[in-house]
>>> print(open('data_37.json').read())   # JSON, C-alpha atoms and all ligand atoms
[["chain", "number", "residue", "atom", "x", "y", "z"],
["A", 1, "MET", "CA", -5.83, -8.37, 50.89],
["A", 2, "THR", "CA", -8.12, -10.36, 53.11],
["A", 3, "LEU", "CA", -11.49, -11.52, 51.89],
["A", 4, "ARG", "CA", -14.18, -10.10, 54.13],
["A", 5, "VAL", "CA", -17.32, -12.19, 54.59],
["A", 6, "GLY", "CA", -20.40, -10.95, 56.47],
["A", 7, "LEU", "CA", -22.37, -13.58, 58.37],
["A", 8, "SER", "CA", -25.83, -13.14, 59.82],
["A", 9, "GLY", "CA", -29.17, -14.79, 60.36],
["A", 10, "GLY", "CA", -32.13, -14.40, 62.66],
["A", 11, "ILE", "CA", -31.80, -15.49, 66.26],
["A", 12, "GLY", "CA", -31.84, -19.28, 66.39],
["A", 13, "SER", "CA", -30.85, -19.71, 62.72],
["A", 14, "GLY", "CA", -27.55, -21.41, 63.52],
["A", 15, "LYS", "CA", -25.30, -18.42, 62.94],
["A", 16, "SER", "CA", -23.04, -19.24, 65.89],
["A", 17, "THR", "CA", -22.77, -22.84, 64.73],
["A", 18, "VAL", "CA", -21.73, -21.69, 61.24],
["A", 19, "SER", "CA", -19.25, -19.17, 62.56],
["A", 20, "ALA", "CA", -17.58, -21.79, 64.78],
["A", 21, "GLN", "CA", -17.22, -24.13, 61.82],
["A", 22, "LEU", "CA", -15.79, -21.41, 59.58],
["A", 23, "ALA", "CA", -13.26, -20.64, 62.33],
["A", 24, "SER", "CA", -12.27, -24.31, 62.44],
["A", 25, "LEU", "CA", -11.79, -24.24, 58.64],
["A", 26, "GLY", "CA", -9.32, -21.39, 59.05],
["A", 27, "ALA", "CA", -11.35, -18.18, 58.93],
["A", 28, "VAL", "CA", -10.56, -15.34, 61.32],
["A", 29, "VAL", "CA", -13.91, -14.64, 62.99],
["A", 30, "VAL", "CA", -14.70, -11.18, 64.33],
["A", 31, "ASP", "CA", -17.73, -11.51, 66.61],
["A", 32, "ALA", "CA", -19.66, -8.23, 66.68],
["A", 33, "ASP", "CA", -21.41, -9.08, 69.97],
["A", 34, "ALA", "CA", -18.09, -9.86, 71.65],
["A", 35, "VAL", "CA", -16.60, -6.58, 70.37],
["A", 36, "ALA", "CA", -19.63, -4.67, 71.64],
["A", 37, "ARG", "CA", -19.12, -6.20, 75.09],
["A", 38, "GLU", "CA", -15.37, -5.69, 75.08],
["A", 39, "VAL", "CA", -15.46, -1.93, 74.40],
["A", 40, "VAL", "CA", -17.59, -1.37, 77.52],
["A", 41, "GLY", "CA", -15.86, -3.95, 79.71],
["A", 42, "PRO", "CA", -14.76, -3.14, 83.28],
["A", 43, "GLY", "CA", -12.21, -0.35, 83.40],
["A", 44, "THR", "CA", -12.58, 0.70, 79.75],
["A", 45, "PRO", "CA", -12.90, 4.33, 78.61],
["A", 46, "GLY", "CA", -16.18, 3.26, 76.98],
["A", 47, "LEU", "CA", -17.65, 2.22, 80.31],
["A", 48, "ALA", "CA", -16.45, 5.45, 81.92],
["A", 49, "GLN", "CA", -18.22, 7.46, 79.20],
["A", 50, "ILE", "CA", -21.43, 5.52, 79.80],
["A", 51, "ALA", "CA", -21.22, 6.13, 83.56],
["A", 52, "GLY", "CA", -20.56, 9.81, 82.83],
["A", 53, "ARG", "CA", -23.71, 10.10, 80.76],
["A", 54, "PHE", "CA", -26.09, 7.76, 82.61],
["A", 55, "GLY", "CA", -24.82, 7.91, 86.19],
["A", 56, "PRO", "CA", -23.24, 5.40, 88.60],
["A", 57, "ASP", "CA", -26.41, 3.30, 88.84],
["A", 58, "VAL", "CA", -25.63, 1.59, 85.52],
["A", 59, "ILE", "CA", -22.40, 0.13, 86.95],
["A", 60, "ALA", "CA", -22.74, -3.11, 88.92],
["A", 61, "ALA", "CA", -20.92, -3.74, 92.21],
["A", 62, "ASP", "CA", -18.19, -5.74, 90.42],
["A", 63, "GLY", "CA", -17.39, -2.80, 88.12],
["A", 64, "SER", "CA", -19.06, -4.23, 85.04],
["A", 65, "LEU", "CA", -21.88, -2.67, 83.04],
["A", 66, "ASP", "CA", -25.27, -3.38, 84.61],
["A", 67, "ARG", "CA", -27.08, -4.14, 81.37],
["A", 68, "PRO", "CA", -30.59, -4.51, 82.81],
["A", 69, "ALA", "CA", -30.20, -1.15, 84.60],
["A", 70, "LEU", "CA", -28.95, 0.55, 81.45],
["A", 71, "GLY", "CA", -31.71, -1.14, 79.48],
["A", 72, "GLN", "CA", -34.31, 0.40, 81.75],
["A", 73, "VAL", "CA", -32.81, 3.86, 81.31],
["A", 74, "VAL", "CA", -32.74, 3.76, 77.51],
["A", 75, "PHE", "CA", -35.95, 1.76, 77.02],
["A", 76, "GLY", "CA", -38.50, 4.04, 75.40],
["A", 77, "ASP", "CA", -36.17, 7.06, 75.53],
["A", 78, "ALA", "CA", -34.99, 7.73, 72.00],
["A", 79, "GLN", "CA", -32.53, 10.46, 73.00],
["A", 80, "ALA", "CA", -30.91, 8.28, 75.66],
["A", 81, "ARG", "CA", -30.57, 5.47, 73.12],
["A", 82, "ARG", "CA", -28.96, 7.83, 70.60],
["A", 83, "ASP", "CA", -26.54, 9.06, 73.27],
["A", 84, "LEU", "CA", -25.61, 5.50, 74.12],
["A", 85, "GLU", "CA", -25.03, 4.64, 70.47],
["A", 86, "ALA", "CA", -22.98, 7.80, 69.99],
["A", 87, "ILE", "CA", -20.65, 6.43, 72.68],
["A", 88, "THR", "CA", -20.55, 2.77, 71.65],
["A", 89, "HIS", "CA", -20.75, 2.81, 67.83],
["A", 90, "PRO", "CA", -17.44, 4.62, 67.17],
["A", 91, "LEU", "CA", -15.68, 2.39, 69.73],
["A", 92, "ILE", "CA", -17.11, -0.73, 68.11],
["A", 93, "ARG", "CA", -16.14, 0.48, 64.64],
["A", 94, "ARG", "CA", -12.59, 1.28, 65.69],
["A", 95, "ARG", "CA", -12.05, -2.01, 67.52],
["A", 96, "SER", "CA", -13.54, -4.06, 64.67],
["A", 97, "GLN", "CA", -11.26, -2.25, 62.22],
["A", 98, "GLN", "CA", -8.24, -3.12, 64.39],
["A", 99, "LEU", "CA", -9.24, -6.78, 64.40],
["A", 100, "PHE", "CA", -9.79, -6.82, 60.61],
["A", 101, "GLU", "CA", -6.40, -5.24, 60.04],
["A", 102, "ALA", "CA", -4.66, -7.61, 62.43],
["A", 103, "ALA", "CA", -5.71, -10.61, 60.29],
["A", 104, "PRO", "CA", -3.03, -12.07, 57.99],
["A", 105, "ASP", "CA", -3.05, -10.66, 54.48],
["A", 106, "ASP", "CA", -4.37, -13.83, 52.87],
["A", 107, "ALA", "CA", -6.97, -14.53, 55.56],
["A", 108, "VAL", "CA", -10.68, -14.92, 55.15],
["A", 109, "VAL", "CA", -12.23, -12.67, 57.78],
["A", 110, "VAL", "CA", -15.77, -13.56, 58.81],
["A", 111, "HIS", "CA", -17.64, -10.74, 60.51],
["A", 112, "ASP", "CA", -20.41, -12.30, 62.57],
["A", 113, "VAL", "CA", -23.07, -9.59, 62.96],
["A", 114, "PRO", "CA", -26.52, -10.51, 64.31],
["A", 115, "LEU", "CA", -28.06, -7.24, 63.06],
["A", 116, "LEU", "CA", -26.19, -7.05, 59.73],
["A", 117, "VAL", "CA", -29.39, -6.75, 57.70],
["A", 118, "GLU", "CA", -31.11, -4.37, 60.13],
["A", 119, "LEU", "CA", -28.05, -2.09, 60.01],
["A", 120, "GLY", "CA", -27.84, -2.25, 56.20],
["A", 121, "MET", "CA", -24.26, -3.57, 56.24],
["A", 122, "GLY", "CA", -24.58, -6.17, 53.45],
["A", 123, "ALA", "CA", -22.74, -4.05, 50.88],
["A", 124, "ASP", "CA", -19.69, -3.73, 53.14],
["A", 125, "TYR", "CA", -18.54, -7.29, 52.48],
["A", 126, "ALA", "CA", -17.26, -9.25, 49.52],
["A", 127, "LEU", "CA", -19.80, -11.95, 50.38],
["A", 128, "THR", "CA", -22.82, -11.89, 52.64],
["A", 129, "VAL", "CA", -23.86, -15.25, 54.06],
["A", 130, "ILE", "CA", -27.21, -15.67, 55.79],
["A", 131, "ALA", "CA", -28.22, -18.72, 57.82],
["A", 132, "ASP", "CA", -31.83, -19.43, 56.96],
["A", 133, "VAL", "CA", -34.41, -21.43, 58.93],
["A", 134, "PRO", "CA", -38.19, -21.01, 58.96],
["A", 135, "GLU", "CA", -39.36, -18.97, 61.92],
["A", 136, "GLU", "CA", -41.31, -21.74, 63.68],
["A", 137, "GLU", "CA", -38.28, -24.06, 63.63],
["A", 138, "ARG", "CA", -36.04, -21.31, 64.98],
["A", 139, "LEU", "CA", -38.51, -20.78, 67.77],
["A", 140, "ARG", "CA", -38.54, -24.50, 68.53],
["A", 141, "ARG", "CA", -34.74, -24.65, 68.69],
["A", 142, "LEU", "CA", -34.50, -21.57, 70.91],
["A", 143, "VAL", "CA", -37.03, -22.96, 73.36],
["A", 144, "GLU", "CA", -36.09, -26.67, 73.30],
["A", 145, "LEU", "CA", -32.32, -26.48, 72.78],
["A", 146, "ARG", "CA", -31.34, -23.16, 74.27],
["A", 147, "GLY", "CA", -33.97, -23.13, 76.99],
["A", 148, "MET", "CA", -35.37, -19.70, 76.14],
["A", 149, "ASP", "CA", -38.78, -18.60, 77.32],
["A", 150, "GLU", "CA", -41.19, -18.90, 74.37],
["A", 151, "GLN", "CA", -42.64, -15.39, 74.66],
["A", 152, "ALA", "CA", -39.16, -13.87, 74.98],
["A", 153, "ALA", "CA", -38.01, -15.81, 71.90],
["A", 154, "ARG", "CA", -41.07, -14.67, 69.92],
["A", 155, "SER", "CA", -40.54, -11.04, 70.77],
["A", 156, "ARG", "CA", -36.83, -11.23, 69.90],
["A", 157, "ILE", "CA", -37.76, -12.72, 66.53],
["A", 158, "ARG", "CA", -40.40, -10.05, 65.91],
["A", 159, "ALA", "CA", -37.96, -7.23, 66.69],
["A", 160, "GLN", "CA", -35.57, -8.42, 63.96],
["A", 161, "ALA", "CA", -35.66, -8.15, 60.17],
["A", 162, "ASP", "CA", -37.99, -10.62, 58.47],
["A", 163, "ASP", "CA", -36.78, -13.52, 56.35],
["A", 164, "GLY", "CA", -37.56, -11.70, 53.09],
["A", 165, "GLN", "CA", -35.32, -8.76, 54.01],
["A", 166, "ARG", "CA", -32.55, -11.15, 54.98],
["A", 167, "ARG", "CA", -32.84, -13.12, 51.75],
["A", 168, "ALA", "CA", -32.54, -9.93, 49.67],
["A", 169, "ALA", "CA", -29.20, -9.19, 51.37],
["A", 170, "ALA", "CA", -27.84, -12.72, 50.97],
["A", 171, "ASP", "CA", -25.27, -13.71, 48.37],
["A", 172, "VAL", "CA", -25.37, -17.11, 50.03],
["A", 173, "LEU", "CA", -28.52, -18.36, 51.69],
["A", 174, "LEU", "CA", -27.41, -21.20, 53.90],
["A", 175, "ASP", "CA", -30.37, -23.47, 54.44],
["A", 176, "ASN", "CA", -30.23, -24.81, 58.00],
["A", 177, "SER", "CA", -33.65, -26.41, 58.16],
["A", 178, "GLY", "CA", -32.10, -29.89, 58.07],
["A", 179, "THR", "CA", -29.81, -31.68, 60.51],
["A", 180, "LEU", "CA", -26.57, -30.36, 61.99],
["A", 181, "ASP", "CA", -24.75, -32.77, 59.65],
["A", 182, "ASP", "CA", -26.50, -31.24, 56.64],
["A", 183, "LEU", "CA", -25.37, -27.83, 57.81],
["A", 184, "ARG", "CA", -21.80, -29.01, 58.33],
["A", 185, "ARG", "CA", -21.66, -30.33, 54.75],
["A", 186, "ARG", "CA", -23.09, -27.09, 53.36],
["A", 187, "VAL", "CA", -20.55, -24.98, 55.22],
["A", 188, "ASP", "CA", -17.67, -27.25, 54.12],
["A", 189, "ASP", "CA", -18.87, -26.89, 50.56],
["A", 190, "LEU", "CA", -19.30, -23.12, 50.83],
["A", 191, "TRP", "CA", -15.75, -22.86, 52.12],
["A", 192, "SER", "CA", -14.01, -25.06, 49.57],
["A", 193, "ALA", "CA", -16.13, -24.41, 46.48],
["A", 194, "ARG", "CA", -16.78, -20.72, 46.89],
["A", 195, "ILE", "CA", -14.91, -18.81, 49.59],
["A", 196, "VAL", "CA", -11.41, -20.19, 48.96],
["A", 197, "PRO", "CA", -11.67, -19.83, 45.15],
["A", 198, "PHE", "CA", -13.12, -16.33, 45.63],
["A", 199, "ARG", "CA", -10.05, -15.28, 47.59],
["A", 200, "GLU", "CA", -7.76, -16.72, 44.93],
["A", 201, "HIS", "CA", -9.68, -15.22, 42.02],
["A", 202, "LEU", "CA", -9.65, -11.82, 43.68],
["A", 203, "ALA", "CA", -5.88, -11.98, 44.03],
["A", 204, "ASP", "CA", -5.52, -13.11, 40.40],
["A", 205, "GLY", "CA", -8.09, -10.70, 38.90],
["A", 206, "ILE", "CA", -10.43, -13.42, 37.64],
["A", 207, "PRO", "CA", -14.11, -12.41, 37.54],
["A", 208, "GLY", "CA", -16.90, -14.82, 38.36],
["A", 209, "SER", "CA", -18.53, -16.45, 35.38],
["A", 210, "ALA", "CA", -21.44, -18.63, 36.24],
["A", 211, "PRO", "CA", -23.80, -18.03, 33.31],
["A", 212, "GLY", "CA", -27.37, -18.40, 34.43],
["A", 213, "ALA", "CA", -26.29, -19.34, 37.93],
["A", 214, "GLY", "CA", -26.62, -15.85, 39.36],
["A", 215, "SER", "CA", -28.74, -15.72, 42.47],
["A", 216, "SER", "CA", -31.74, -13.42, 42.51],
["A", 217, "GLY", "CA", -31.06, -9.79, 43.36],
["A", 218, "GLU", "CA", -27.42, -10.16, 42.33],
["A", 219, "ASP", "CA", -27.42, -7.03, 40.15],
["A", 220, "GLU", "CA", -28.81, -4.94, 43.00],
["A", 221, "ARG", "CA", -26.21, -6.22, 45.43],
["A", 222, "LEU", "CA", -23.38, -5.53, 42.98],
["A", 223, "ARG", "CA", -24.67, -2.01, 42.46],
["A", 224, "ALA", "CA", -24.99, -1.43, 46.23],
["A", 225, "ARG", "CA", -21.38, -2.57, 46.71],
["A", 226, "VAL", "CA", -20.10, -0.23, 44.00],
["A", 227, "GLU", "CA", -22.05, 2.66, 45.53],
["A", 228, "ALA", "CA", -20.69, 1.82, 48.99],
["A", 229, "ALA", "CA", -17.12, 1.78, 47.59],
["A", 230, "LEU", "CA", -17.70, 5.12, 45.84],
["A", 231, "GLY", "CA", -19.39, 6.56, 48.91],
["A", 232, "ARG", "CA", -22.30, 7.88, 46.85],
["A", 233, "PRO", "CA", -25.19, 6.73, 44.65],
["A", 234, "LEU", "CA", -24.40, 6.02, 41.01],
["A", 235, "GLY", "CA", -27.33, 8.07, 39.76],
["A", 236, "GLU", "CA", -26.81, 8.98, 36.11],
["A", 237, "GLY", "CA", -23.30, 7.64, 35.92],
["A", 238, "VAL", "CA", -19.83, 8.10, 37.23],
["A", 239, "ASP", "CA", -16.63, 9.77, 36.13],
["A", 240, "LEU", "CA", -14.36, 6.80, 35.49],
["A", 241, "GLY", "CA", -11.45, 8.67, 37.03],
["A", 242, "ALA", "CA", -13.20, 8.31, 40.40],
["A", 243, "LEU", "CA", -12.59, 4.56, 40.18],
["A", 244, "ASP", "CA", -8.85, 5.19, 40.30],
["A", 245, "GLU", "CA", -8.92, 7.11, 43.57],
["A", 246, "PRO", "CA", -6.97, 5.02, 46.09],
["A", 247, "ALA", "CA", -9.81, 4.94, 48.62],
["A", 248, "VAL", "CA", -12.28, 3.80, 45.95],
["A", 249, "ARG", "CA", -9.91, 1.16, 44.57],
["A", 250, "HIS", "CA", -9.41, -0.11, 48.08],
["A", 251, "GLY", "CA", -13.16, -0.06, 48.72],
["A", 252, "LEU", "CA", -13.89, -2.05, 45.56],
["A", 253, "ARG", "CA", -11.23, -4.62, 46.32],
["A", 254, "ARG", "CA", -12.38, -5.00, 49.89],
["A", 255, "ARG", "CA", -15.80, -5.87, 48.47],
["A", 256, "GLY", "CA", -14.31, -8.51, 46.17],
["A", 257, "LEU", "CA", -14.84, -6.39, 43.04],
["A", 258, "LEU", "CA", -12.69, -6.18, 39.91],
["A", 259, "VAL", "CA", -12.51, -3.41, 37.33],
["A", 260, "LEU", "CA", -12.58, -4.89, 33.82],
["A", 261, "THR", "CA", -12.29, -3.21, 30.42],
["A", 262, "GLY", "CA", -15.39, -3.04, 28.22],
["A", 263, "ASP", "CA", -14.63, -6.42, 26.64],
["A", 264, "GLY", "CA", -14.50, -8.13, 30.01],
["A", 265, "GLN", "CA", -10.73, -8.37, 30.43],
["A", 266, "ALA", "CA", -9.10, -7.34, 33.68],
["A", 267, "ALA", "CA", -8.03, -3.70, 33.34],
["A", 268, "ALA", "CA", -4.26, -3.23, 33.43],
["A", 269, "ASP", "CA", -3.20, -2.84, 37.03],
["A", 270, "GLY", "CA", -6.89, -2.69, 37.91],
["A", 271, "ARG", "CA", -7.00, 0.91, 36.71],
["A", 272, "ALA", "CA", -10.09, 2.25, 35.00],
["A", 273, "SER", "CA", -8.64, 5.39, 33.41],
["A", 274, "GLY", "CA", -7.29, 4.94, 29.92],
["A", 275, "ALA", "CA", -8.68, 1.43, 29.76],
["A", 276, "SER", "CA", -11.51, 2.45, 27.45],
["A", 277, "GLU", "CA", -14.59, 4.61, 27.49],
["A", 278, "GLU", "CA", -16.41, 2.15, 29.59],
["A", 279, "VAL", "CA", -15.49, -0.28, 32.28],
["A", 280, "VAL", "CA", -17.24, -3.28, 33.68],
["A", 281, "ILE", "CA", -17.31, -4.07, 37.36],
["A", 282, "ALA", "CA", -17.65, -7.69, 38.38],
["A", 283, "SER", "CA", -17.18, -9.68, 41.51],
["A", 284, "ALA", "CA", -14.43, -12.28, 41.78],
["A", 285, "ASP", "CA", -17.04, -14.50, 43.49],
["A", 286, "PRO", "CA", -16.90, -17.62, 41.28],
["A", 287, "ALA", "CA", -20.66, -18.06, 41.63],
["A", 288, "SER", "CA", -21.51, -14.55, 40.50],
["A", 289, "ALA", "CA", -22.45, -13.65, 36.95],
["A", 290, "ALA", "CA", -23.42, -10.03, 37.56],
["A", 291, "ARG", "CA", -21.75, -7.23, 35.60],
["A", 292, "LEU", "CA", -22.15, -3.48, 36.02],
["A", 293, "ARG", "CA", -21.21, -1.29, 33.06],
["A", 294, "LEU", "CA", -20.05, 2.21, 33.81],
["A", 295, "GLY", "CA", -19.06, 5.08, 31.60],
["A", 296, "MET", "CA", -21.63, 4.93, 28.84],
["A", 297, "ASP", "CA", -23.80, 7.96, 28.13],
["A", 301, "LIG", "P1", -27.88, -18.37, 66.45],
["A", 301, "LIG", "O1", -26.43, -18.12, 66.75],
["A", 301, "LIG", "O2", -28.24, -18.02, 65.04],
["A", 301, "LIG", "O3", -28.85, -17.76, 67.41],
["A", 301, "LIG", "P2", -27.28, -21.13, 67.17],
["A", 301, "LIG", "O4", -26.11, -21.49, 66.30],
["A", 301, "LIG", "O5", -27.00, -20.84, 68.59],
["A", 301, "LIG", "O6", -28.13, -19.95, 66.50],
["A", 301, "LIG", "O7", -28.37, -22.28, 67.04],
["A", 301, "LIG", "C1", -29.53, -22.28, 67.87],
["A", 301, "LIG", "C2", -29.68, -23.66, 68.53],
["A", 301, "LIG", "O8", -30.03, -24.62, 67.54],
["A", 301, "LIG", "C3", -28.38, -24.16, 69.16],
["A", 301, "LIG", "O9", -28.72, -24.90, 70.29],
["A", 301, "LIG", "C4", -27.80, -25.07, 68.05],
["A", 301, "LIG", "O10", -26.97, -26.07, 68.59],
["A", 301, "LIG", "C5", -29.05, -25.64, 67.43],
["A", 301, "LIG", "N1", -28.94, -25.94, 66.01],
["A", 301, "LIG", "C6", -28.33, -25.23, 65.04],
["A", 301, "LIG", "N2", -28.49, -25.81, 63.84],
["A", 301, "LIG", "C7", -29.23, -26.91, 64.06],
["A", 301, "LIG", "C8", -29.76, -27.95, 63.20],
["A", 301, "LIG", "N3", -29.56, -27.95, 61.87],
["A", 301, "LIG", "N4", -30.49, -28.94, 63.79],
["A", 301, "LIG", "C9", -30.71, -28.95, 65.11],
["A", 301, "LIG", "N5", -30.24, -28.02, 65.97],
["A", 301, "LIG", "C10", -29.52, -27.00, 65.43]]
>>> encode(input="data_37.json", output="structure tokens")
Amino acid sequence: MTLRVGLSGGIGSGKSTVSAQLASLGAVVVDADAVAREVVGPGTPGLAQIAGRFGPDVIAADGSLDRPALGQVVFGDAQARRDLEAITHPLIRRRSQQLFEAAPDDAVVVHDVPLLVELGMGADYALTVIADVPEEERLRRLVELRGMDEQAARSRIRAQADDGQRRAAADVLLDNSGTLDDLRRRVDDLWSARIVPFREHLADGIPGSAPGAGSSGEDERLRARVEAALGRPLGEGVDLGALDEPAVRHGLRRRGLLVLTGDGQAAADGRASGASEEVVIASADPASAARLRLGMD
């Protein structure tokens, strides 16, 4: 099974730079912005649905979506925005899924999602990587290197999650406050020392064991991943049999998680039932030390 990595960062944090480098290292990159554009491209059923709901004025003369016109229609109109999302979100989900499934079985798939944190998607991945740069430096890069208007850049930054929210979602906080060379080295290191071993350890059922090296908030992120795989909150506990349901097993694996017996060994065939009265869930992320015990009273 592929290893799915989520990548995000505030605008101007270097996310596109990181994603291009990961692609050159061999990752299959799924670009959420590109998918969002593709599903409403000229001649698509998605674009026809939008024209059906919002009228012909949102289609430009060349048959493409007139984004500024559509923006004016949905700006400040919550119902219109919901209608638009009801059209685009399922199309984006379906297309993304197709692209994930088209990746080779042993691939690392990097999902590049600008609004990953805002949309609460961190628990959907085996590893969430966040490019991190102080706000003032991001602003400087957007204005000086990408030629954005300063006020426009400020308001884009303000509309996004703040750095604290992003850090809480990050398994890997990729500091990009230094030079482009510094960033390149960090990404190389992330790939060879963490992502590649993670994929191998997941295939071989080897849990992470980095005593004391766990990053802050690791327990919460592990718990959120288990809940996302189960499709419900853990609350008081969980019937261990639920962990053997095929959809749940798949969901755990997709998030890089292993089911271990109470003494920390990999459960036979990854099955929880019959293993013991309690199981331990751990990530195969070599840099993770978090463990979640399930099944106790
Ligand atoms: P994002 O995709 O997160 O909005 P980009 O990757 O486009 O960010 O980076 C924003 C701008 O800053 C680009 O012009 C990029 O080349 C530049 N940049 C990225 N990282 C650095 C760095 N460490 N030092 C200097 N410039 C950088």
>>> closest_atom_pairs(input="data_37.json", of="segment 14-39 of chain A", to="segment 126-133 of chain A", cutoff="12 Å", atoms="all atoms listed in the file", output="CSV")
residue,atom,partner,partner_atom,distance
A:Gly14,CA,A:Ala131,CA,6.3
A:Lys15,CA,A:Ala131,CA,5.9
A:Ser16,CA,A:Ala131,CA,9.6
A:Thr17,CA,A:Ala131,CA,9.7
A:Val18,CA,A:Ala131,CA,7.9
A:Ser19,CA,A:Ala131,CA,10.2
A:Leu22,CA,A:Val129,CA,11.6
>>> closest_atom_pairs(input="data_37.json", of="chain A", to="ligand LIG 301 (chain A)", cutoff="6 Å", atoms="all atoms listed in the file", output="JSON lines")
{"residue": "A:Gly9", "atom": "CA", "partner": "A:LIG301", "partner_atom": "O2", "distance": 5.8}
{"residue": "A:Gly10", "atom": "CA", "partner": "A:LIG301", "partner_atom": "O2", "distance": 5.8}
{"residue": "A:Ile11", "atom": "CA", "partner": "A:LIG301", "partner_atom": "O3", "distance": 3.9}
{"residue": "A:Gly12", "atom": "CA", "partner": "A:LIG301", "partner_atom": "O3", "distance": 3.5}
{"residue": "A:Ser13", "atom": "CA", "partner": "A:LIG301", "partner_atom": "O2", "distance": 3.9}
{"residue": "A:Gly14", "atom": "CA", "partner": "A:LIG301", "partner_atom": "O4", "distance": 3.1}
{"residue": "A:Lys15", "atom": "CA", "partner": "A:LIG301", "partner_atom": "O2", "distance": 3.6}
{"residue": "A:Ser16", "atom": "CA", "partner": "A:LIG301", "partner_atom": "O1", "distance": 3.7}
{"residue": "A:Thr17", "atom": "CA", "partner": "A:LIG301", "partner_atom": "O4", "distance": 3.9}
{"residue": "A:Arg141", "atom": "CA", "partner": "A:LIG301", "partner_atom": "O8", "distance": 4.8}
{"residue": "A:Leu142", "atom": "CA", "partner": "A:LIG301", "partner_atom": "C2", "distance": 5.8}
{"residue": "A:Leu145", "atom": "CA", "partner": "A:LIG301", "partner_atom": "O9", "distance": 4.7}
{"residue": "A:Arg146", "atom": "CA", "partner": "A:LIG301", "partner_atom": "O9", "distance": 5.1}
{"residue": "A:Asn176", "atom": "CA", "partner": "A:LIG301", "partner_atom": "N3", "distance": 5.0}
{"residue": "A:Ser177", "atom": "CA", "partner": "A:LIG301", "partner_atom": "N3", "distance": 5.7}
{"residue": "A:Gly178", "atom": "CA", "partner": "A:LIG301", "partner_atom": "N3", "distance": 5.0}
{"residue": "A:Thr179", "atom": "CA", "partner": "A:LIG301", "partner_atom": "N3", "distance": 4.0}
{"residue": "A:Leu180", "atom": "CA", "partner": "A:LIG301", "partner_atom": "N3", "distance": 3.8}
{"residue": "A:Leu183", "atom": "CA", "partner": "A:LIG301", "partner_atom": "N3", "distance": 5.8}
>>> closest_residue(input="data_37.json", among="A:Arg93, A:Val248, A:Ala284, A:Arg185", to="Asp204 of chain A", atoms="only C-alpha atoms")
A:Ala284
>>> atom_distance(input="data_37.json", atom1="atom CA of Val40 of chain A", atom2="atom CA of Ala69 of chain A")
14.5 Å
>>> closest_residue(input="data_37.json", among="A:Ser155, A:Gln79, A:Ser192, A:Ser24", to="Arg53 of chain A", atoms="only C-alpha atoms")
A:Gln79
>>> closest_residue(input="data_37.json", among="A:Asp62, A:Glu277, A:Asp163, A:Asp83", to="Asp239 of chain A", atoms="only C-alpha atoms")
A:Glu277
>>> residues_around(input="data_37.json", residues="Ala36 of chain A", least_positions_apart="6", cutoff="10 Å", atoms="all atoms listed in the file", output="list in words")
Thr88, His89, Leu91, Ile92, Arg93, Arg95 and Ser96 of chain A
>>> closest_residue(input="data_37.json", among="A:Glu220, A:Asp124, A:Asp106, A:Asp112", to="Gly251 of chain A", atoms="all atoms listed in the file")
A:Asp124
>>> residues_around(input="data_37.json", residues="segment 205-207 of chain A", least_positions_apart="5", cutoff="8 Å", atoms="all atoms listed in the file", output="list of chain:residue names")
A:Leu258, A:Ala266, A:Ala282, A:Ser283, A:Ala284, A:Asp285, A:Pro286
>>> write_last_selection(input="data_37.json", atoms="C-alpha atoms", output="JSON list (two decimals), in the coordinates of the input")
[["chain", "number", "residue", "atom", "x", "y", "z"],
["A", 258, "LEU", "CA", -12.69, -6.18, 39.91],
["A", 266, "ALA", "CA", -9.10, -7.34, 33.68],
["A", 282, "ALA", "CA", -17.65, -7.69, 38.38],
["A", 283, "SER", "CA", -17.18, -9.68, 41.51],
["A", 284, "ALA", "CA", -14.43, -12.28, 41.78],
["A", 285, "ASP", "CA", -17.04, -14.50, 43.49],
["A", 286, "PRO", "CA", -16.90, -17.62, 41.28]]
>>> build_atoms(input="data_37.json", residues="segment 198-205 of chain A", atoms="N, CA and C atoms", output="short mmCIF file (atom, residue, chain, number, x, y, z; two decimals), in the coordinates of the input")
data_model
loop_
_atom_site.label_atom_id
_atom_site.label_comp_id
_atom_site.auth_asym_id
_atom_site.auth_seq_id
_atom_site.Cartn_x
_atom_site.Cartn_y
_atom_site.Cartn_z
N PHE A 198 -12.85 -17.77 45.70
CA PHE A 198 -13.12 -16.33 45.63
C PHE A 198 -11.85 -15.57 46.02
N ARG A 199 -11.26 -15.98 47.13
CA ARG A 199 -10.05 -15.28 47.59
C ARG A 199 -8.94 -15.38 46.54
N GLU A 200 -8.81 -16.55 45.93
CA GLU A 200 -7.76 -16.72 44.93
C GLU A 200 -8.06 -15.92 43.67
N HIS A 201 -9.31 -15.95 43.24
CA HIS A 201 -9.68 -15.22 42.02
C HIS A 201 -9.54 -13.72 42.22
N LEU A 202 -9.81 -13.26 43.40
CA LEU A 202 -9.65 -11.82 43.68
C LEU A 202 -8.18 -11.43 43.56
N ALA A 203 -7.32 -12.25 44.11
CA ALA A 203 -5.88 -11.98 44.03
C ALA A 203 -5.41 -12.02 42.58
N ASP A 204 -5.99 -12.93 41.78
CA ASP A 204 -5.52 -13.11 40.40
C ASP A 204 -6.31 -12.28 39.38
N GLY A 205 -7.31 -11.52 39.83
CA GLY A 205 -8.09 -10.70 38.90
C GLY A 205 -9.01 -11.49 38.00
#
